[in-house]
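J.: One file: model38.txt (compact mmCIF, C-alpha atoms).
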# COMPACT_ATOMS: atom_id res chain seq x y z
CA MET A 25 -10.12 -92.75 26.48
CA GLN A 26 -13.77 -93.13 27.44
CA SER A 27 -12.83 -93.47 31.12
CA VAL A 28 -10.90 -90.21 30.91
CA VAL A 29 -13.90 -88.51 29.30
CA ASN A 30 -16.17 -89.84 32.06
CA VAL A 31 -13.88 -88.34 34.71
CA LEU A 32 -13.68 -84.94 33.02
CA LEU A 33 -17.32 -84.90 31.94
CA PRO A 34 -19.30 -87.23 34.23
CA PRO A 35 -22.03 -89.17 32.41
CA LEU A 36 -25.18 -87.49 33.67
CA CYS A 37 -28.59 -87.51 32.06
CA PRO A 38 -28.94 -84.15 30.29
CA GLY A 39 -32.65 -84.14 31.14
CA CYS A 40 -32.61 -84.69 34.91
CA ARG A 41 -28.89 -85.00 35.85
CA ALA A 42 -29.27 -88.59 37.04
CA GLN A 43 -26.08 -90.66 37.00
CA LEU A 44 -25.57 -92.74 33.84
CA THR A 45 -23.11 -95.45 32.91
CA VAL A 46 -22.29 -94.05 29.45
CA GLN A 47 -22.12 -90.64 27.82
CA GLY A 48 -24.62 -89.44 25.24
CA SER A 49 -27.78 -91.10 26.48
CA LEU A 50 -30.86 -90.41 28.57
CA CYS A 51 -32.06 -92.13 31.71
CA GLY A 52 -35.06 -94.45 31.36
CA SER A 53 -37.42 -91.97 32.99
CA CYS A 54 -36.52 -89.10 30.64
CA TRP A 55 -36.52 -91.38 27.60
CA GLN A 56 -40.15 -92.28 28.29
CA GLU A 57 -41.07 -88.58 28.37
CA ILE A 58 -39.78 -87.85 24.86
CA ARG A 59 -42.64 -87.34 22.42
CA PHE A 60 -41.19 -88.33 19.07
CA ILE A 61 -43.04 -87.04 16.00
CA ASP A 62 -44.06 -89.69 13.51
CA GLU A 63 -46.85 -90.34 11.04
CA PRO A 64 -49.53 -89.16 10.81
CA LEU A 65 -48.29 -85.61 10.35
CA CYS A 66 -48.85 -82.56 8.16
CA ALA A 67 -46.96 -82.86 4.87
CA VAL A 68 -45.97 -79.17 4.99
CA THR A 69 -45.46 -78.18 8.63
CA GLY A 70 -44.53 -81.54 10.08
CA LEU A 71 -47.06 -81.00 12.88
CA PRO A 72 -48.34 -84.30 14.27
CA PHE A 73 -51.98 -85.16 13.59
CA ALA A 74 -54.18 -86.75 16.23
CA HIS A 75 -55.79 -88.85 13.49
CA ASN A 76 -54.68 -90.18 10.12
CA HIS A 77 -55.98 -87.89 7.35
CA GLY A 78 -54.26 -89.75 4.52
CA VAL A 79 -50.99 -89.40 2.64
CA GLY A 80 -50.10 -85.79 1.83
CA ALA A 81 -52.67 -84.27 4.22
CA VAL A 82 -52.01 -80.63 5.06
CA ASP A 83 -52.91 -78.91 8.32
CA PRO A 84 -55.48 -76.08 7.97
CA SER A 85 -52.95 -73.64 9.46
CA ALA A 86 -50.59 -74.31 6.56
CA LEU A 87 -53.38 -73.80 4.04
CA ALA A 88 -54.39 -70.51 5.64
CA HIS A 89 -50.84 -69.25 6.19
CA PRO A 90 -48.39 -71.22 3.99
CA PRO A 91 -44.80 -71.08 5.25
CA PRO A 92 -42.11 -69.99 2.77
CA TRP A 93 -40.37 -73.38 2.88
CA ARG A 94 -41.64 -76.49 1.11
CA GLN A 95 -41.67 -78.96 3.99
CA ALA A 96 -40.56 -79.05 7.64
CA ARG A 97 -39.70 -82.06 9.75
CA SER A 98 -38.75 -82.34 13.43
CA VAL A 99 -37.71 -85.17 15.69
CA MET A 100 -39.74 -84.41 18.79
CA VAL A 101 -42.27 -82.10 20.42
CA TYR A 102 -40.77 -79.20 22.39
CA THR A 103 -41.90 -80.21 25.87
CA PRO A 104 -40.36 -78.86 29.12
CA LEU A 105 -38.01 -81.84 29.18
CA VAL A 106 -36.81 -81.16 25.65
CA GLN A 107 -36.41 -77.48 26.54
CA ARG A 108 -33.97 -78.56 29.27
CA LEU A 109 -32.13 -80.88 26.88
CA VAL A 110 -31.74 -78.15 24.27
CA GLY A 111 -30.86 -75.52 26.89
CA ARG A 112 -28.03 -77.57 28.37
CA PHE A 113 -26.67 -78.28 24.91
CA LYS A 114 -27.06 -74.70 23.71
CA TYR A 115 -26.11 -72.64 26.77
CA SER A 116 -24.09 -74.97 29.01
CA GLY A 117 -21.93 -76.61 26.37
CA ARG A 118 -23.14 -80.14 27.14
CA HIS A 119 -22.47 -81.76 23.77
CA GLU A 120 -22.59 -85.40 24.79
CA CYS A 121 -25.98 -85.94 23.09
CA VAL A 122 -25.24 -84.10 19.85
CA ARG A 123 -24.40 -87.30 17.97
CA ALA A 124 -27.70 -88.91 18.97
CA PHE A 125 -29.61 -85.70 18.21
CA GLY A 126 -28.07 -85.45 14.74
CA ARG A 127 -28.76 -89.10 13.95
CA TRP A 128 -32.38 -88.71 14.99
CA MET A 129 -32.65 -85.63 12.77
CA ALA A 130 -31.15 -87.47 9.80
CA ARG A 131 -33.80 -90.16 10.18
CA ALA A 132 -36.66 -87.70 10.65
CA GLY A 133 -35.54 -85.72 7.59
CA HIS A 134 -34.65 -88.66 5.38
CA ASP A 135 -37.13 -87.71 2.64
CA LEU A 136 -35.92 -84.09 2.63
CA LEU A 137 -32.27 -85.09 2.53
CA SER A 138 -32.61 -87.78 -0.13
CA ASP A 139 -32.38 -85.29 -3.00
CA ALA A 140 -30.95 -82.20 -1.30
CA ASP A 141 -27.82 -80.48 -2.58
CA TYR A 142 -26.77 -78.75 0.63
CA ILE A 143 -27.38 -78.76 4.37
CA VAL A 144 -27.27 -75.20 5.70
CA PRO A 145 -27.23 -74.52 9.47
CA VAL A 146 -28.98 -71.32 10.51
CA PRO A 147 -26.11 -68.92 11.31
CA LEU A 148 -25.66 -66.93 14.51
CA TYR A 149 -24.71 -63.26 14.51
CA VAL A 150 -20.95 -62.96 14.91
CA ARG A 151 -21.12 -61.36 18.38
CA ARG A 152 -23.39 -64.10 19.74
CA LEU A 153 -21.18 -66.76 18.17
CA ARG A 154 -18.16 -65.32 19.97
CA GLN A 155 -20.06 -65.24 23.27
CA ARG A 156 -21.33 -68.82 23.01
CA GLY A 157 -18.24 -70.26 21.36
CA PHE A 158 -20.16 -72.49 18.97
CA ASN A 159 -23.32 -72.60 16.86
CA GLN A 160 -25.63 -75.41 17.95
CA ALA A 161 -27.15 -75.61 14.44
CA VAL A 162 -23.68 -76.23 12.96
CA GLU A 163 -22.96 -79.01 15.47
CA LEU A 164 -26.22 -80.75 14.59
CA ALA A 165 -25.74 -80.20 10.86
CA ARG A 166 -22.27 -81.80 10.94
CA VAL A 167 -23.74 -85.05 12.25
CA ILE A 168 -26.64 -84.93 9.78
CA SER A 169 -24.21 -84.42 6.91
CA ARG A 170 -22.11 -87.41 7.97
CA GLU A 171 -25.21 -89.57 8.34
CA SER A 172 -26.84 -88.53 5.06
CA GLY A 173 -23.88 -87.83 2.79
CA VAL A 174 -25.33 -84.42 1.88
CA GLU A 175 -22.76 -81.62 1.68
CA LEU A 176 -22.59 -79.29 4.68
CA ALA A 177 -22.41 -75.61 3.66
CA VAL A 178 -21.61 -73.37 6.61
CA ASP A 179 -20.51 -70.55 4.30
CA MET A 180 -23.75 -70.23 2.32
CA LEU A 181 -25.71 -67.86 4.55
CA GLU A 182 -24.81 -65.05 6.95
CA ARG A 183 -26.64 -63.35 9.78
CA ILE A 184 -26.04 -59.76 8.81
CA ARG A 185 -27.57 -57.92 11.75
CA PRO A 186 -28.14 -58.57 15.46
CA THR A 187 -31.70 -59.25 16.58
CA ARG A 188 -33.24 -59.00 20.03
CA SER A 189 -34.17 -62.17 21.89
CA GLN A 190 -37.39 -63.73 20.64
CA ILE A 191 -38.39 -64.77 24.17
CA GLY A 192 -41.56 -62.98 25.25
CA LEU A 193 -42.38 -61.60 21.81
CA SER A 194 -45.68 -62.25 20.04
CA VAL A 195 -45.63 -64.24 16.82
CA ALA A 196 -46.04 -61.06 14.77
CA ALA A 197 -43.26 -59.32 16.70
CA ARG A 198 -40.95 -62.32 16.21
CA HIS A 199 -41.41 -62.14 12.46
CA ARG A 200 -40.81 -58.36 12.43
CA ASN A 201 -37.70 -58.88 14.53
CA MET A 202 -36.23 -61.26 11.95
CA VAL A 203 -36.93 -59.29 8.77
CA GLY A 204 -33.70 -58.89 6.80
CA ALA A 205 -31.61 -60.75 9.39
CA PHE A 206 -29.96 -63.05 6.80
CA ALA A 207 -28.25 -62.72 3.45
CA PRO A 208 -26.26 -65.00 1.14
CA SER A 209 -22.56 -65.08 1.90
CA LEU A 210 -20.26 -63.24 -0.48
CA GLY A 211 -19.75 -65.35 -3.59
CA ALA A 212 -22.40 -67.95 -2.66
CA GLU A 213 -25.05 -66.87 -5.18
CA ALA A 214 -23.80 -69.15 -7.94
CA ARG A 215 -24.11 -72.23 -5.71
CA ILE A 216 -27.47 -71.14 -4.34
CA LYS A 217 -29.20 -70.63 -7.67
CA GLY A 218 -31.38 -73.62 -8.51
CA SER A 219 -30.09 -75.75 -5.61
CA ALA A 220 -32.13 -77.72 -3.07
CA PHE A 221 -31.47 -76.88 0.59
CA VAL A 222 -32.25 -78.33 3.98
CA LEU A 223 -32.06 -75.59 6.62
CA VAL A 224 -31.10 -76.94 10.05
CA ASP A 225 -31.83 -75.43 13.46
CA ASP A 226 -32.42 -76.70 16.98
CA VAL A 227 -36.05 -75.65 17.57
CA LEU A 228 -38.95 -74.48 15.42
CA THR A 229 -41.24 -72.23 17.49
CA SER A 230 -42.99 -69.44 15.61
CA GLY A 231 -40.94 -70.18 12.48
CA ALA A 232 -39.78 -66.56 12.22
CA THR A 233 -36.04 -67.29 12.16
CA LEU A 234 -36.34 -70.13 9.67
CA ALA A 235 -38.73 -68.12 7.48
CA SER A 236 -36.25 -65.25 7.30
CA ALA A 237 -33.38 -67.61 6.43
CA THR A 238 -35.55 -69.37 3.84
CA ARG A 239 -36.46 -66.10 2.13
CA ALA A 240 -32.81 -65.06 1.98
CA LEU A 241 -32.00 -68.24 0.05
CA GLN A 242 -35.07 -67.83 -2.16
CA ARG A 243 -34.14 -64.25 -3.06
CA ALA A 244 -30.79 -65.61 -4.25
CA GLY A 245 -32.54 -68.13 -6.50
CA ALA A 246 -32.73 -71.30 -4.41
CA GLY A 247 -34.68 -74.01 -6.18
CA ARG A 248 -36.13 -75.52 -3.00
CA VAL A 249 -35.83 -74.98 0.74
CA ASP A 250 -36.89 -77.47 3.40
CA VAL A 251 -36.51 -77.21 7.18
CA LEU A 252 -35.21 -79.77 9.66
CA THR A 253 -35.12 -79.21 13.43
CA LEU A 254 -34.49 -81.27 16.52
CA ALA A 255 -37.72 -80.11 18.15
CA ARG A 256 -40.78 -78.05 17.39
CA VAL A 257 -43.58 -76.42 19.31
CA ALA A 258 -46.87 -78.23 18.76
CA ARG A 259 -50.38 -77.25 19.72
CA GLY A 260 -50.70 -76.74 23.44
CA GLU A 261 -46.93 -76.78 23.97
CA GLY A 262 -46.29 -73.07 24.32
Let's see the structure in the file written out as C-alpha cells.

T.:
Amino acid sequence: MQSVVNVLLPPLCPGCRAQLTVQGSLCGSCWQEIRFIDEPLCAVTGLPFAHNHGVGAVDPSALAHPPPWRQARSVMVYTPLVQRLVGRFKYSGRHECVRAFGRWMARAGHDLLSDADYIVPVPLYVRRLRQRGFNQAVELARVISRESGVELAVDMLERIRPTRSQIGLSVAARHRNMVGAFAPSLGAEARIKGSAFVLVDDVLTSGATLASATRALQRAGAGRVDVLTLARVARGEG
C-alpha cells in the first residue's frame, strides 16, 4: 500500500521539494531550520522568551493587552520555511505531514488538553470550505483528538459571515474584520456552558481570528478557552 501511495503522491519534502524515502517527513536541511517553541515562554501568549523569567512569567504585551483566551501554545515559530509548509498543506492539499503536525501540537498543548472537555477547530465559512475542499484546522484537530483522547467537536462553532483576506491588513483592521464572524452552532449552547475548550488553528498571527472565535464561545458561557496552533508569529517574524 505504501508503495502505491509513493507512486501516486511522491515522497517529497514539503519544505523544499527534495526527494525523500518516506512520506510525512522533512529533509535534514529543512528539519534543522524549524524553530520549535519550548520553555522559557510566556504563560499566557506562548511567546518564547530569550531568557528564563521563572515559572508563570507573563510577557509585557499580554499584561498591557490581555488576550481573551486563558493560554496559547504553538509548536513552532512562523518562519518562511514554516509558511511554505503550511501553505502546501492548506492550499495545495499536501496532507502527508498532517499526522506529524497534529502529534507535535498534542505534545505542545499537553497542559491545555489535560483537563479540556472539547477540542474545537476554527471553522471556515461555507463558501471557502467548498472551494478548498477541507478545513486544515479540522484535519489537525482530528489527530490531536486521537493523540490526547479529548473529544473533537466540529459542530460547536460556526463561521456565520464571510470575511475578507487578512493578508495586508493592519492588526487593528484584522480585528475589525473578524468582529462577529463566529457564533455557536444551533443547539450547542448547552454543551458550551461551563465547558473547557481548546481552540485549534494552523497559525496564530495577530490573534484576530482566534480572539473572535474565543469570544463567541465565551458569550455562550464557556468556562475556559485555550488556543493551540501549529505555528505562531514571534517578534521579528512578520

J.: Using all atoms listed in the file, which of A:Ile58, A:Ala88, A:Met129, A:Ala240 sits nearest Arg108 (chain A)?

T.: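 Closest to Arg108 (chain A) of all the choices is A:Ile58.
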
J.: Nearest residue to Leu234 (chain A) out of A:Arg41, A:Lys114, A:Arg152, A:Arg94, using all atoms listed in the file?

T.: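 Closest residue, counting all atoms listed in the file: A:Arg94.
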
J.: Please provide as JSON, numbers by chain all residues within 8 Å of Leu148 (chain A), with the sequence filter that same-chain residues fewer than 6 positions apart are discarded (counting only C-alpha atoms).

T.: {"A": [159, 182, 183]}

J.: Quick one: of A:Asp141, A:Asp135, A:Glu175, A:Glu120, who's nearest to Leu252 (chain A), counting all atoms listed in the file?

T.: A:Asp135

J.: Please, which residues are within 9 Å of (-26.5, -72.2, 15.3) by the file's coordinates, counting all atoms listed in the file, and could they come as number ranges by chain?

T.: A: 114, 145-148, 153, 158-164, 224-226

J.: What's the 7 Å shell around region 205-220 of chain A, counting all atoms listed in the file, without same-chain residues fewer than 6 positions away, as a ChimeraX atom specification?

T.: /A:140-142,179-185,236-237,240-241,244-249

J.: For each of A:Cys121, A:Val178, A:Ala258, A:Val195, take the minimum atom-to-atom distance to Val46 (chain A), counting all atoms listed in the file, then give the residue where this is smallest.

T.: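 Checking each candidate against Val46 (chain A), we get A:Cys121 as the closest.
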
J.: For region 146-164 of chain A, which lacks atoms in the input, supply N, CA and C atoms and format the output as a compact mmCIF listing (two decimals), keeping the file's coordinate frame.

T.:
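Saved file part_32.txt follows:
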# COMPACT_ATOMS: atom_id res chain seq x y z
N VAL A 146 -28.61 -72.72 10.32
CA VAL A 146 -28.98 -71.32 10.51
C VAL A 146 -27.85 -70.61 11.26
N PRO A 147 -27.27 -69.56 10.68
CA PRO A 147 -26.11 -68.92 11.31
C PRO A 147 -26.49 -68.03 12.49
N LEU A 148 -25.54 -67.89 13.42
CA LEU A 148 -25.66 -66.93 14.51
C LEU A 148 -24.99 -65.62 14.09
N TYR A 149 -25.42 -64.52 14.72
CA TYR A 149 -24.71 -63.26 14.51
C TYR A 149 -23.33 -63.39 15.13
N VAL A 150 -22.35 -62.76 14.53
CA VAL A 150 -20.95 -62.96 14.91
C VAL A 150 -20.70 -62.68 16.39
N ARG A 151 -21.35 -61.68 16.96
CA ARG A 151 -21.12 -61.36 18.38
C ARG A 151 -21.66 -62.48 19.27
N ARG A 152 -22.83 -63.02 18.93
CA ARG A 152 -23.39 -64.10 19.74
C ARG A 152 -22.56 -65.36 19.58
N LEU A 153 -22.02 -65.58 18.39
CA LEU A 153 -21.18 -66.76 18.17
C LEU A 153 -19.93 -66.68 19.04
N ARG A 154 -19.34 -65.49 19.13
CA ARG A 154 -18.16 -65.32 19.97
C ARG A 154 -18.50 -65.57 21.44
N GLN A 155 -19.65 -65.07 21.88
CA GLN A 155 -20.06 -65.24 23.27
C GLN A 155 -20.30 -66.71 23.61
N ARG A 156 -20.97 -67.43 22.74
CA ARG A 156 -21.33 -68.82 23.01
C ARG A 156 -20.18 -69.76 22.72
N GLY A 157 -19.37 -69.42 21.71
CA GLY A 157 -18.24 -70.26 21.36
C GLY A 157 -18.54 -71.32 20.31
N PHE A 158 -19.77 -71.52 19.99
CA PHE A 158 -20.16 -72.49 18.97
C PHE A 158 -21.59 -72.18 18.53
N ASN A 159 -21.95 -72.71 17.36
CA ASN A 159 -23.32 -72.60 16.86
C ASN A 159 -23.96 -73.97 16.94
N GLN A 160 -25.00 -74.10 17.75
CA GLN A 160 -25.63 -75.41 17.95
C GLN A 160 -26.17 -75.99 16.65
N ALA A 161 -26.63 -75.12 15.73
CA ALA A 161 -27.15 -75.61 14.44
C ALA A 161 -26.02 -76.24 13.61
N VAL A 162 -24.83 -75.67 13.69
CA VAL A 162 -23.68 -76.23 12.96
C VAL A 162 -23.31 -77.60 13.52
N GLU A 163 -23.31 -77.73 14.86
CA GLU A 163 -22.96 -79.01 15.47
C GLU A 163 -23.93 -80.10 15.06
N LEU A 164 -25.22 -79.78 15.03
CA LEU A 164 -26.22 -80.75 14.59
C LEU A 164 -26.06 -81.07 13.11
